[in-house]
>>> print(open('work_0.tsv').read())   # TSV, C-alpha atoms and all ligand atoms
chain	number	residue	atom	x	y	z
A	28	MET	CA	-3.94	-7.81	-21.78
A	29	ILE	CA	-5.18	-4.72	-19.94
A	30	LYS	CA	-3.61	-1.36	-20.84
A	31	ALA	CA	-3.57	2.12	-19.36
A	32	GLY	CA	-6.91	3.83	-19.72
A	33	GLU	CA	-8.87	0.57	-20.00
A	34	ASN	CA	-10.70	0.82	-16.73
A	35	LEU	CA	-7.48	0.48	-14.82
A	36	PRO	CA	-7.32	1.48	-11.16
A	37	ARG	CA	-5.53	4.78	-10.59
A	38	HIS	CA	-4.51	3.86	-7.04
A	39	ILE	CA	-3.91	0.30	-5.85
A	40	ALA	CA	-3.13	-0.77	-2.30
A	41	ILE	CA	-1.60	-4.12	-1.39
A	42	ILE	CA	-1.68	-6.05	1.87
A	43	MET	CA	1.48	-8.12	1.43
A	44	ASP	CA	0.57	-11.10	3.57
A	45	GLY	CA	2.14	-14.56	3.62
A	46	ASN	CA	5.91	-14.00	3.68
A	47	GLY	CA	6.28	-16.08	6.85
A	48	ARG	CA	4.16	-19.01	5.64
A	49	TRP	CA	5.90	-18.97	2.26
A	50	ALA	CA	9.31	-19.24	3.98
A	51	LYS	CA	8.05	-21.91	6.39
A	52	SER	CA	6.77	-24.06	3.52
A	53	ARG	CA	10.37	-24.02	2.23
A	54	LEU	CA	11.75	-24.86	5.68
A	55	MET	CA	13.39	-21.45	5.80
A	56	PRO	CA	13.36	-18.73	8.47
A	57	ARG	CA	10.72	-15.99	8.28
A	58	MET	CA	13.32	-13.38	7.25
A	59	PHE	CA	13.91	-15.36	4.07
A	60	GLY	CA	10.26	-14.68	3.27
A	61	HIS	CA	10.53	-10.96	4.04
A	62	LYS	CA	13.63	-10.63	1.83
A	63	ALA	CA	11.83	-12.36	-1.04
A	64	GLY	CA	8.80	-10.17	-0.29
A	65	LEU	CA	10.84	-6.98	-0.61
A	66	THR	CA	12.27	-7.99	-3.99
A	67	ARG	CA	8.79	-9.01	-5.19
A	68	MET	CA	7.35	-5.74	-3.91
A	69	ILE	CA	9.70	-3.57	-6.00
A	70	ASP	CA	9.19	-5.68	-9.15
A	71	LEU	CA	5.44	-5.55	-8.66
A	72	LEU	CA	5.51	-1.77	-8.19
A	73	GLU	CA	7.42	-1.30	-11.44
A	74	HIS	CA	4.94	-3.52	-13.22
A	75	ALA	CA	1.98	-1.55	-11.83
A	76	TYR	CA	3.47	1.80	-12.94
A	77	ASP	CA	4.29	0.30	-16.35
A	78	ARG	CA	0.63	-0.61	-16.72
A	79	GLY	CA	-0.37	2.99	-15.98
A	80	VAL	CA	-1.25	3.02	-12.28
A	81	ASP	CA	-0.40	6.38	-10.63
A	82	TYR	CA	-0.36	5.45	-6.94
A	83	VAL	CA	0.62	2.28	-5.11
A	84	THR	CA	0.31	1.86	-1.35
A	85	VAL	CA	1.79	-1.16	0.39
A	86	TYR	CA	1.22	-2.35	3.95
A	87	ALA	CA	4.69	-3.29	5.21
A	88	LEU	CA	4.35	-3.09	8.99
A	89	SER	CA	1.24	-2.54	11.10
A	90	THR	CA	1.19	-1.13	14.62
A	91	GLU	CA	0.13	-4.65	15.70
A	92	ASN	CA	3.17	-6.13	13.88
A	93	LEU	CA	5.35	-4.09	16.26
A	94	ASN	CA	4.58	-6.73	18.91
A	95	ARG	CA	6.39	-9.40	16.88
A	96	PRO	CA	9.53	-11.02	18.31
A	97	LYS	CA	12.44	-8.58	18.54
A	98	ALA	CA	14.62	-10.59	16.19
A	99	GLU	CA	12.03	-10.46	13.38
A	100	LEU	CA	11.50	-6.71	13.82
A	101	GLU	CA	15.25	-6.12	13.88
A	102	GLY	CA	15.52	-8.16	10.65
A	103	LEU	CA	12.87	-5.96	9.00
A	104	TYR	CA	14.62	-2.78	10.18
A	105	GLU	CA	17.90	-4.09	8.78
A	106	LEU	CA	16.15	-4.68	5.43
A	107	ILE	CA	15.05	-1.03	5.44
A	108	ARG	CA	18.57	0.17	6.33
A	109	THR	CA	20.26	-1.91	3.67
A	110	ARG	CA	18.20	-3.15	0.71
A	111	PHE	CA	15.07	-0.97	0.75
A	112	THR	CA	16.76	2.36	0.03
A	113	SER	CA	18.91	1.04	-2.80
A	114	LEU	CA	15.87	-0.61	-4.41
A	115	LEU	CA	13.99	2.67	-4.06
A	116	ASP	CA	16.27	4.28	-6.65
A	117	ARG	CA	14.42	2.26	-9.28
A	118	ILE	CA	11.19	3.97	-8.20
A	119	PHE	CA	12.72	7.46	-7.95
A	120	LYS	CA	14.14	7.14	-11.49
A	121	ARG	CA	10.52	7.05	-12.64
A	122	GLY	CA	9.70	10.36	-10.93
A	123	ILE	CA	7.57	8.76	-8.23
A	124	ARG	CA	7.18	10.43	-4.84
A	125	LEU	CA	7.65	8.33	-1.71
A	126	LYS	CA	5.38	8.88	1.27
A	127	ILE	CA	5.56	7.05	4.57
A	128	LEU	CA	2.20	6.36	6.20
A	129	GLY	CA	2.34	5.68	9.91
A	130	ASP	CA	3.83	6.73	13.23
A	131	ILE	CA	7.49	6.28	12.45
A	132	SER	CA	8.46	7.64	15.89
A	133	LEU	CA	7.79	4.03	16.99
A	134	LEU	CA	10.75	2.85	14.86
A	135	PRO	CA	14.47	3.04	15.75
A	136	LYS	CA	15.95	6.52	15.30
A	137	ASP	CA	18.32	5.61	12.46
A	138	VAL	CA	15.49	3.87	10.56
A	139	GLN	CA	13.35	7.00	10.96
A	140	LYS	CA	16.16	9.06	9.44
A	141	THR	CA	16.67	6.62	6.56
A	142	LEU	CA	12.97	6.86	5.76
A	143	THR	CA	12.59	10.63	6.09
A	144	ASP	CA	15.75	11.18	3.99
A	145	ALA	CA	14.28	8.95	1.28
A	146	GLU	CA	10.99	10.86	1.44
A	147	LYS	CA	12.84	14.16	1.04
A	148	GLU	CA	14.79	12.86	-1.94
A	149	SER	CA	11.56	12.47	-3.92
A	150	GLU	CA	9.42	15.30	-2.52
A	151	HIS	CA	9.67	17.37	-5.70
A	152	PHE	CA	7.95	14.70	-7.80
A	153	VAL	CA	4.26	15.23	-8.56
A	154	GLY	CA	1.47	13.11	-10.00
A	155	LYS	CA	2.68	9.64	-9.12
A	156	GLY	CA	3.19	8.19	-5.68
A	157	PHE	CA	4.43	5.22	-3.72
A	158	ASN	CA	3.16	5.02	-0.15
A	159	ILE	CA	4.64	2.56	2.28
A	160	ALA	CA	2.69	1.97	5.48
A	161	LEU	CA	5.07	1.35	8.38
A	162	ALA	CA	4.05	1.37	12.05
A	163	TYR	CA	0.65	2.07	10.52
A	164	GLY	CA	-2.84	1.48	11.85
A	165	ALA	CA	-5.95	3.00	10.28
A	166	ARG	CA	-7.68	3.62	13.60
A	167	ALA	CA	-4.62	5.44	14.92
A	168	GLU	CA	-4.52	7.45	11.66
A	169	ILE	CA	-8.17	8.47	12.10
A	170	VAL	CA	-7.68	9.39	15.78
A	171	ARG	CA	-4.61	11.45	14.84
A	172	ALA	CA	-6.67	13.29	12.21
A	173	VAL	CA	-9.45	13.97	14.75
A	174	ASN	CA	-6.90	15.43	17.17
A	175	LEU	CA	-5.41	17.61	14.42
A	176	ALA	CA	-8.90	18.93	13.68
A	177	VAL	CA	-9.54	19.59	17.38
A	178	GLU	CA	-6.22	21.45	17.65
A	179	LYS	CA	-7.24	23.63	14.69
A	180	GLY	CA	-10.60	24.21	16.37
A	181	GLU	CA	-12.41	23.79	13.06
A	182	LYS	CA	-15.36	21.58	12.13
A	183	VAL	CA	-14.44	19.15	9.35
A	184	THR	CA	-16.13	18.00	6.18
A	185	GLU	CA	-15.44	14.61	4.57
A	186	LYS	CA	-12.98	16.35	2.25
A	187	THR	CA	-11.13	18.43	4.87
A	188	PHE	CA	-10.97	15.38	7.14
A	189	ALA	CA	-9.41	13.28	4.37
A	190	ASP	CA	-6.75	15.97	4.05
A	191	LEU	CA	-5.73	15.37	7.67
A	192	LEU	CA	-4.93	11.72	6.94
A	193	TYR	CA	-1.44	10.56	5.92
A	194	THR	CA	-2.72	10.18	2.34
A	195	CYS	CA	-3.84	13.83	2.09
A	196	SER	CA	-4.40	15.15	-1.43
A	197	GLN	CA	-4.00	11.71	-3.02
A	198	PRO	CA	-6.79	9.88	-4.85
A	199	GLU	CA	-8.51	7.18	-2.78
A	200	PRO	CA	-7.50	3.59	-3.47
A	201	ASP	CA	-9.65	2.05	-6.22
A	202	LEU	CA	-8.47	-1.49	-5.65
A	203	ILE	CA	-7.16	-3.18	-2.52
A	204	ILE	CA	-5.39	-6.49	-3.03
A	205	ARG	CA	-4.63	-8.89	-0.18
A	206	THR	CA	-2.44	-11.92	-0.70
A	207	GLY	CA	-2.00	-14.85	1.69
A	208	LYS	CA	-5.53	-16.34	1.80
A	209	GLU	CA	-6.96	-14.17	4.58
A	210	LYS	CA	-9.99	-12.07	3.72
A	211	ARG	CA	-9.90	-8.98	5.91
A	212	LEU	CA	-8.56	-5.42	5.90
A	213	SER	CA	-6.59	-5.67	9.17
A	214	ASN	CA	-6.79	-1.97	10.10
A	215	PHE	CA	-5.57	-0.78	6.67
A	216	LEU	CA	-6.83	2.46	5.03
A	217	LEU	CA	-10.25	2.16	6.67
A	218	TYR	CA	-11.38	5.73	5.87
A	219	GLN	CA	-9.90	5.83	2.36
A	220	SER	CA	-11.25	2.43	1.29
A	221	ALA	CA	-14.96	3.26	1.66
A	222	TYR	CA	-15.58	2.57	-2.05
A	223	ALA	CA	-12.50	0.51	-2.92
A	224	GLU	CA	-12.93	-2.77	-4.76
A	225	LEU	CA	-11.43	-5.69	-2.84
A	226	TYR	CA	-9.44	-8.54	-4.39
A	227	PHE	CA	-8.14	-11.54	-2.46
A	228	SER	CA	-5.48	-13.96	-3.64
A	229	ASP	CA	-4.66	-17.31	-2.06
A	230	LYS	CA	-1.04	-16.90	-3.12
A	231	MET	CA	1.55	-15.98	-0.50
A	232	PHE	CA	3.05	-12.54	-1.24
A	233	PRO	CA	6.49	-13.70	-2.51
A	234	GLU	CA	4.76	-15.83	-5.16
A	235	PHE	CA	2.22	-13.16	-6.26
A	236	SER	CA	3.56	-12.55	-9.78
A	237	ASN	CA	3.20	-9.69	-12.27
A	238	GLU	CA	0.74	-11.94	-14.13
A	239	ASP	CA	-1.28	-12.31	-10.94
A	240	LEU	CA	-1.41	-8.52	-10.70
A	241	ASP	CA	-2.67	-8.37	-14.31
A	242	GLU	CA	-5.32	-10.91	-13.32
A	243	ALA	CA	-6.42	-8.60	-10.49
A	244	PHE	CA	-6.54	-5.65	-12.93
A	245	LEU	CA	-8.66	-7.68	-15.34
A	246	ASP	CA	-11.04	-8.65	-12.56
A	247	TYR	CA	-11.26	-5.00	-11.47
A	248	SER	CA	-11.92	-3.83	-15.05
A	249	LYS	CA	-15.06	-5.98	-15.17
A	250	ARG	CA	-16.57	-4.58	-12.01
A	251	THR	CA	-19.27	-1.92	-12.02
A	252	ARG	CA	-18.53	0.84	-9.55
A	253	ARG	CA	-21.77	2.60	-8.70
A	254	PHE	CA	-20.66	4.53	-5.59
A	255	GLY	CA	-24.14	4.03	-4.14
A	256	LYS	CA	-25.94	5.12	-7.32
A	257	THR	CA	-28.21	3.04	-9.58
A	258	ASP	CA	-26.98	1.63	-12.92
A	259	GLU	CA	-29.16	4.18	-14.75
A	260	GLN	CA	-27.67	7.10	-12.80
A	261	LYS	CA	-24.12	5.88	-13.54
A	262	LYS	CA	-24.96	5.64	-17.26
A	263	GLN	CA	-26.17	9.27	-17.15
A	264	ASP	CA	-22.95	10.32	-15.33
A	265	ASN	CA	-20.82	8.68	-18.02
A	266	LYS	CA	-22.58	10.47	-20.93
B	1	LIG	C1	3.08	-10.04	6.45
B	1	LIG	O1	3.38	-11.38	6.21
B	1	LIG	C2	4.22	-9.25	6.04
B	1	LIG	C3	4.91	-8.42	6.84
B	1	LIG	C4	4.58	-8.19	8.25
B	1	LIG	C5	6.09	-7.70	6.31
B	1	LIG	C6	5.94	-7.29	4.88
B	1	LIG	C7	7.25	-6.91	4.38
B	1	LIG	C8	7.68	-7.03	3.11
B	1	LIG	C9	6.87	-7.52	1.99
B	1	LIG	C10	9.06	-6.65	2.77
B	1	LIG	C11	9.23	-5.19	2.67
B	1	LIG	C12	9.61	-4.77	3.98
B	1	LIG	C13	10.05	-3.59	4.36
B	1	LIG	C14	10.21	-3.41	5.80
B	1	LIG	C15	10.38	-2.46	3.46
B	1	LIG	P1	3.60	-12.32	7.45
B	1	LIG	O2	5.01	-12.28	7.86
B	1	LIG	O3	2.62	-11.95	8.50
B	1	LIG	O4	3.27	-13.71	6.85
B	1	LIG	P2	2.50	-14.91	7.55
B	1	LIG	O5	1.07	-14.44	7.73
B	1	LIG	O6	2.62	-15.99	6.55
B	1	LIG	O7	3.21	-15.20	8.82
>>> encode(input="work_0.tsv", output="structure tokens", more="lines below")
Ligand code: FPP
Amino acid sequence: MIKAGENLPRHIAIIMDGNGRWAKSRLMPRMFGHKAGLTRMIDLLEHAYDRGVDYVTVYALSTENLNRPKAELEGLYELIRTRFTSLLDRIFKRGIRLKILGDISLLPKDVQKTLTDAEKESEHFVGKGFNIALAYGARAEIVRAVNLAVEKGEKVTEKTFADLLYTCSQPEPDLIIRTGKEKRLSNFLLYQSAYAELYFSDKMFPEFSNEDLDEAFLDYSKRTRRFGKTDEQKKQDNK
């Protein structure tokens, strides 16, 4: 079993795909899948932090998802209003800071308040983070950062530009996991994932277990991350 310090990713990001198909395969409505997905998400987060991961980012709602039928969106908003915040207490008890990534002005007013209140509740925590991407699109995030730079009237470097993204001052994701069989990034963390390792699981998100996450960690631990360098250069770096 992999333990903290054993080539474990410091920041993992998860594309939680497959809730709808999982529910459909059980002849249940899509919301049944999202509810199961939310419970799975919190359990999985706790497992990741127990293993020693410092940051977890999850993709809960993309800007494209905002075009889904009204009833499904309303169901997701209701989940945020009711179950999400109470489940968050389990994360806050561990001293983990919540950050919302995305343009939450696109969400209903009361949901915005629920989310910003939850963010405030944990803003004094340092070192460990939980990011939830809601009304998020990586291209929109990059364009927003460009506009912030233009407003400041300053030329950017790769580092100062990264600080204009929602994830400012956080380490880049080391490992991006996508469940639900598809093999694409779907407009998720495009700038931050330049050197992330990618891991795809055929399992639908509600059935992606803690053991499956360990499997992903094990797979990651065997990879050689060269960041564009040669093996020999990396060996020198590690001396
Ligand atoms: C993608 O699966 C999943 C979503 C659009 C929602 C993800 C939400 C959760 C895991 C629950 C947590 C939610 C909130 C709002 C805190 P899909 O529905 O596209 O699945 P499909 O590809 O099988 O249809």
>>> closest_atom_pairs(input="work_0.tsv", of="segment 83-106 of chain A", to="segment 114-126 of chain A", cutoff="12 Å", atoms="all atoms listed in the file", output="CSV")
residue,atom,partner,partner_atom,distance
A:Val83,CA,A:Leu125,CA,9.9
A:Thr84,CA,A:Lys126,CA,9.0
A:Val85,CA,A:Lys126,CA,10.7
A:Leu106,CA,A:Leu114,CA,10.7
>>> write_last_selection(input="work_0.tsv", atoms="C-alpha atoms", output="short mmCIF file (atom, residue, chain, number, x, y, z; two decimals), in the frame of the given file")
data_model
loop_
_atom_site.label_atom_id
_atom_site.label_comp_id
_atom_site.auth_asym_id
_atom_site.auth_seq_id
_atom_site.Cartn_x
_atom_site.Cartn_y
_atom_site.Cartn_z
CA VAL A 83 0.62 2.28 -5.11
CA THR A 84 0.31 1.86 -1.35
CA VAL A 85 1.79 -1.16 0.39
CA LEU A 106 16.15 -4.68 5.43
#
>>> residues_near_ligand(input="work_0.tsv", ligand="ligand LIG 1 (chain B)", cutoff="6 Å", atoms="all atoms listed in the file", output="mmCIF file with C-alpha atoms, keeping the file's coordinate frame")
data_model
loop_
_atom_site.group_PDB
_atom_site.id
_atom_site.type_symbol
_atom_site.label_atom_id
_atom_site.label_comp_id
_atom_site.auth_asym_id
_atom_site.auth_seq_id
_atom_site.Cartn_x
_atom_site.Cartn_y
_atom_site.Cartn_z
ATOM 1 C CA MET A 43 1.480 -8.120 1.430
ATOM 2 C CA ASP A 44 0.570 -11.100 3.570
ATOM 3 C CA GLY A 45 2.140 -14.560 3.620
ATOM 4 C CA ASN A 46 5.910 -14.000 3.680
ATOM 5 C CA GLY A 47 6.280 -16.080 6.850
ATOM 6 C CA ARG A 48 4.160 -19.010 5.640
ATOM 7 C CA HIS A 61 10.530 -10.960 4.040
ATOM 8 C CA GLY A 64 8.800 -10.170 -0.290
ATOM 9 C CA LEU A 65 10.840 -6.980 -0.610
ATOM 10 C CA ALA A 87 4.690 -3.290 5.210
ATOM 11 C CA LEU A 88 4.350 -3.090 8.990
ATOM 12 C CA LEU A 103 12.870 -5.960 9.000
ATOM 13 C CA ILE A 107 15.050 -1.030 5.440
ATOM 14 C CA PHE A 111 15.070 -0.970 0.750
#
>>> closest_residue(input="work_0.tsv", among="A:Glu224, A:Glu234, A:Asp81, A:Glu168", to="Leu128 of chain A", atoms="all atoms listed in the file")
A:Glu168
>>> atom_distance(input="work_0.tsv", atom1="atom CA of Arg211 of chain A", atom2="atom CA of Thr257 of chain A")
26.8 Å
>>> closest_residue(input="work_0.tsv", among="A:Val153, A:Leu72, A:Ala50, A:Val170", to="Gln197 of chain A", atoms="all atoms listed in the file")
A:Val153
>>> closest_residue(input="work_0.tsv", among="A:Pro56, A:Asp239, A:Leu217, A:Tyr82", to="Ser196 of chain A", atoms="all atoms listed in the file")
A:Tyr82
>>> closest_residue(input="work_0.tsv", among="A:Leu192, A:Ala172, A:Leu225, A:Val80", to="Gly154 of chain A", atoms="all atoms listed in the file")
A:Val80
>>> atom_distance(input="work_0.tsv", atom1="atom CA of Asn92 of chain A", atom2="atom CA of Leu133 of chain A")
11.6 Å
>>> closest_residue(input="work_0.tsv", among="A:Ile131, A:Met231, A:Arg250, A:Asp264", to="Lys51 of chain A", atoms="only C-alpha atoms")
A:Met231
>>> closest_residue(input="work_0.tsv", among="A:Thr251, A:Thr109, A:Asn214, A:Asn158", to="Ile39 of chain A", atoms="only C-alpha atoms")
A:Asn158
>>> residues_near_point(input="work_0.tsv", point="(-0.1, -10.4, -3.2)", cutoff="8 Å", atoms="only C-alpha atoms", output="PyMOL selection string")
chain A and resi 41-44+204-207+228+230-236+240
>>> axis_aligned_box(input="work_0.tsv", around="segment 86-102 of chain A", padding_each_side="5 Å", output="JSON")
{"center_x": 7.8, "center_y": -6.1, "center_z": 11.4, "size_x": 25.4, "size_y": 19.9, "size_z": 25.0}
>>> atom_distance(input="work_0.tsv", atom1="atom CA of Ile69 of chain A", atom2="atom CA of Lys249 of chain A")
26.5 Å
>>> build_atoms(input="work_0.tsv", residues="segment 128-163 of chain A", atoms="N, CA and C atoms", output="PDB file, keeping the file's coordinate frame")
ATOM      1  N   LEU A 128       3.438   6.255   5.439  1.00  0.00           N
ATOM      2  CA  LEU A 128       2.200   6.360   6.200  1.00  0.00           C
ATOM      3  C   LEU A 128       2.427   5.652   7.529  1.00  0.00           C
ATOM      4  N   GLY A 129       2.203   6.354   8.624  1.00  0.00           N
ATOM      5  CA  GLY A 129       2.340   5.680   9.910  1.00  0.00           C
ATOM      6  C   GLY A 129       3.101   6.525  10.917  1.00  0.00           C
ATOM      7  N   ASP A 130       3.152   6.010  12.139  1.00  0.00           N
ATOM      8  CA  ASP A 130       3.830   6.730  13.230  1.00  0.00           C
ATOM      9  C   ASP A 130       5.264   6.232  13.336  1.00  0.00           C
ATOM     10  N   ILE A 131       6.132   6.819  12.502  1.00  0.00           N
ATOM     11  CA  ILE A 131       7.490   6.280  12.450  1.00  0.00           C
ATOM     12  C   ILE A 131       8.288   6.592  13.715  1.00  0.00           C
ATOM     13  N   SER A 132       7.731   7.406  14.618  1.00  0.00           N
ATOM     14  CA  SER A 132       8.460   7.640  15.890  1.00  0.00           C
ATOM     15  C   SER A 132       8.543   6.335  16.690  1.00  0.00           C
ATOM     16  N   LEU A 133       7.741   5.330  16.296  1.00  0.00           N
ATOM     17  CA  LEU A 133       7.790   4.030  16.990  1.00  0.00           C
ATOM     18  C   LEU A 133       8.940   3.149  16.473  1.00  0.00           C
ATOM     19  N   LEU A 134       9.644   3.635  15.442  1.00  0.00           N
ATOM     20  CA  LEU A 134      10.750   2.850  14.860  1.00  0.00           C
ATOM     21  C   LEU A 134      12.082   3.364  15.391  1.00  0.00           C
ATOM     22  N   PRO A 135      13.158   2.563  15.287  1.00  0.00           N
ATOM     23  CA  PRO A 135      14.470   3.040  15.750  1.00  0.00           C
ATOM     24  C   PRO A 135      14.866   4.340  15.048  1.00  0.00           C
ATOM     25  N   LYS A 136      15.593   5.171  15.777  1.00  0.00           N
ATOM     26  CA  LYS A 136      15.950   6.520  15.300  1.00  0.00           C
ATOM     27  C   LYS A 136      16.617   6.500  13.921  1.00  0.00           C
ATOM     28  N   ASP A 137      17.595   5.588  13.744  1.00  0.00           N
ATOM     29  CA  ASP A 137      18.320   5.610  12.460  1.00  0.00           C
ATOM     30  C   ASP A 137      17.401   5.168  11.307  1.00  0.00           C
ATOM     31  N   VAL A 138      16.445   4.299  11.603  1.00  0.00           N
ATOM     32  CA  VAL A 138      15.490   3.870  10.560  1.00  0.00           C
ATOM     33  C   VAL A 138      14.578   5.049  10.199  1.00  0.00           C
ATOM     34  N   GLN A 139      14.170   5.804  11.219  1.00  0.00           N
ATOM     35  CA  GLN A 139      13.350   7.000  10.960  1.00  0.00           C
ATOM     36  C   GLN A 139      14.082   7.931  10.005  1.00  0.00           C
ATOM     37  N   LYS A 140      15.398   8.120  10.276  1.00  0.00           N
ATOM     38  CA  LYS A 140      16.160   9.060   9.440  1.00  0.00           C
ATOM     39  C   LYS A 140      16.292   8.528   8.004  1.00  0.00           C
ATOM     40  N   THR A 141      16.568   7.216   7.907  1.00  0.00           N
ATOM     41  CA  THR A 141      16.670   6.620   6.560  1.00  0.00           C
ATOM     42  C   THR A 141      15.386   6.887   5.780  1.00  0.00           C
ATOM     43  N   LEU A 142      14.256   6.715   6.440  1.00  0.00           N
ATOM     44  CA  LEU A 142      12.970   6.860   5.760  1.00  0.00           C
ATOM     45  C   LEU A 142      12.668   8.318   5.415  1.00  0.00           C
ATOM     46  N   THR A 143      12.916   9.222   6.373  1.00  0.00           N
ATOM     47  CA  THR A 143      12.590  10.630   6.090  1.00  0.00           C
ATOM     48  C   THR A 143      13.547  11.194   5.032  1.00  0.00           C
ATOM     49  N   ASP A 144      14.811  10.746   5.040  1.00  0.00           N
ATOM     50  CA  ASP A 144      15.750  11.180   3.990  1.00  0.00           C
ATOM     51  C   ASP A 144      15.241  10.730   2.621  1.00  0.00           C
ATOM     52  N   ALA A 145      14.781   9.481   2.565  1.00  0.00           N
ATOM     53  CA  ALA A 145      14.280   8.950   1.280  1.00  0.00           C
ATOM     54  C   ALA A 145      13.049   9.725   0.839  1.00  0.00           C
ATOM     55  N   GLU A 146      12.189  10.070   1.781  1.00  0.00           N
ATOM     56  CA  GLU A 146      10.990  10.860   1.440  1.00  0.00           C
ATOM     57  C   GLU A 146      11.405  12.197   0.836  1.00  0.00           C
ATOM     58  N   LYS A 147      12.389  12.829   1.497  1.00  0.00           N
ATOM     59  CA  LYS A 147      12.840  14.160   1.040  1.00  0.00           C
ATOM     60  C   LYS A 147      13.405  14.099  -0.369  1.00  0.00           C
ATOM     61  N   GLU A 148      14.140  13.009  -0.635  1.00  0.00           N
ATOM     62  CA  GLU A 148      14.790  12.860  -1.940  1.00  0.00           C
ATOM     63  C   GLU A 148      13.783  12.937  -3.090  1.00  0.00           C
ATOM     64  N   SER A 149      12.538  12.547  -2.824  1.00  0.00           N
ATOM     65  CA  SER A 149      11.560  12.470  -3.920  1.00  0.00           C
ATOM     66  C   SER A 149      10.441  13.498  -3.769  1.00  0.00           C
ATOM     67  N   GLU A 150      10.584  14.439  -2.822  1.00  0.00           N
ATOM     68  CA  GLU A 150       9.420  15.300  -2.520  1.00  0.00           C
ATOM     69  C   GLU A 150       9.062  16.269  -3.635  1.00  0.00           C
ATOM     70  N   HIS A 151       9.985  16.453  -4.593  1.00  0.00           N
ATOM     71  CA  HIS A 151       9.670  17.370  -5.700  1.00  0.00           C
ATOM     72  C   HIS A 151       8.873  16.701  -6.813  1.00  0.00           C
ATOM     73  N   PHE A 152       8.710  15.385  -6.749  1.00  0.00           N
ATOM     74  CA  PHE A 152       7.950  14.700  -7.800  1.00  0.00           C
ATOM     75  C   PHE A 152       6.455  14.891  -7.586  1.00  0.00           C
ATOM     76  N   VAL A 153       5.716  15.086  -8.686  1.00  0.00           N
ATOM     77  CA  VAL A 153       4.260  15.230  -8.560  1.00  0.00           C
ATOM     78  C   VAL A 153       3.526  14.257  -9.499  1.00  0.00           C
ATOM     79  N   GLY A 154       2.335  13.887  -9.093  1.00  0.00           N
ATOM     80  CA  GLY A 154       1.470  13.110 -10.000  1.00  0.00           C
ATOM     81  C   GLY A 154       1.477  11.615  -9.798  1.00  0.00           C
ATOM     82  N   LYS A 155       2.612  11.077  -9.354  1.00  0.00           N
ATOM     83  CA  LYS A 155       2.680   9.640  -9.120  1.00  0.00           C
ATOM     84  C   LYS A 155       3.256   9.387  -7.743  1.00  0.00           C
ATOM     85  N   GLY A 156       2.725   8.406  -7.044  1.00  0.00           N
ATOM     86  CA  GLY A 156       3.190   8.190  -5.680  1.00  0.00           C
ATOM     87  C   GLY A 156       3.341   6.746  -5.285  1.00  0.00           C
ATOM     88  N   PHE A 157       4.252   6.535  -4.353  1.00  0.00           N
ATOM     89  CA  PHE A 157       4.430   5.220  -3.720  1.00  0.00           C
ATOM     90  C   PHE A 157       4.351   5.453  -2.212  1.00  0.00           C
ATOM     91  N   ASN A 158       3.311   4.905  -1.601  1.00  0.00           N
ATOM     92  CA  ASN A 158       3.160   5.020  -0.150  1.00  0.00           C
ATOM     93  C   ASN A 158       3.549   3.710   0.489  1.00  0.00           C
ATOM     94  N   ILE A 159       4.354   3.781   1.533  1.00  0.00           N
ATOM     95  CA  ILE A 159       4.640   2.560   2.280  1.00  0.00           C
ATOM     96  C   ILE A 159       4.146   2.761   3.717  1.00  0.00           C
ATOM     97  N   ALA A 160       3.256   1.873   4.139  1.00  0.00           N
ATOM     98  CA  ALA A 160       2.690   1.970   5.480  1.00  0.00           C
ATOM     99  C   ALA A 160       3.574   1.193   6.449  1.00  0.00           C
ATOM    100  N   LEU A 161       4.138   1.933   7.403  1.00  0.00           N
ATOM    101  CA  LEU A 161       5.070   1.350   8.380  1.00  0.00           C
ATOM    102  C   LEU A 161       4.674   1.860   9.763  1.00  0.00           C
ATOM    103  N   ALA A 162       4.576   0.982  10.728  1.00  0.00           N
ATOM    104  CA  ALA A 162       4.050   1.370  12.050  1.00  0.00           C
ATOM    105  C   ALA A 162       2.709   2.057  11.842  1.00  0.00           C
ATOM    106  N   TYR A 163       1.919   1.474  10.945  1.00  0.00           N
ATOM    107  CA  TYR A 163       0.650   2.070  10.520  1.00  0.00           C
ATOM    108  C   TYR A 163      -0.542   1.299  11.076  1.00  0.00           C
TER     109      TYR A 163
END
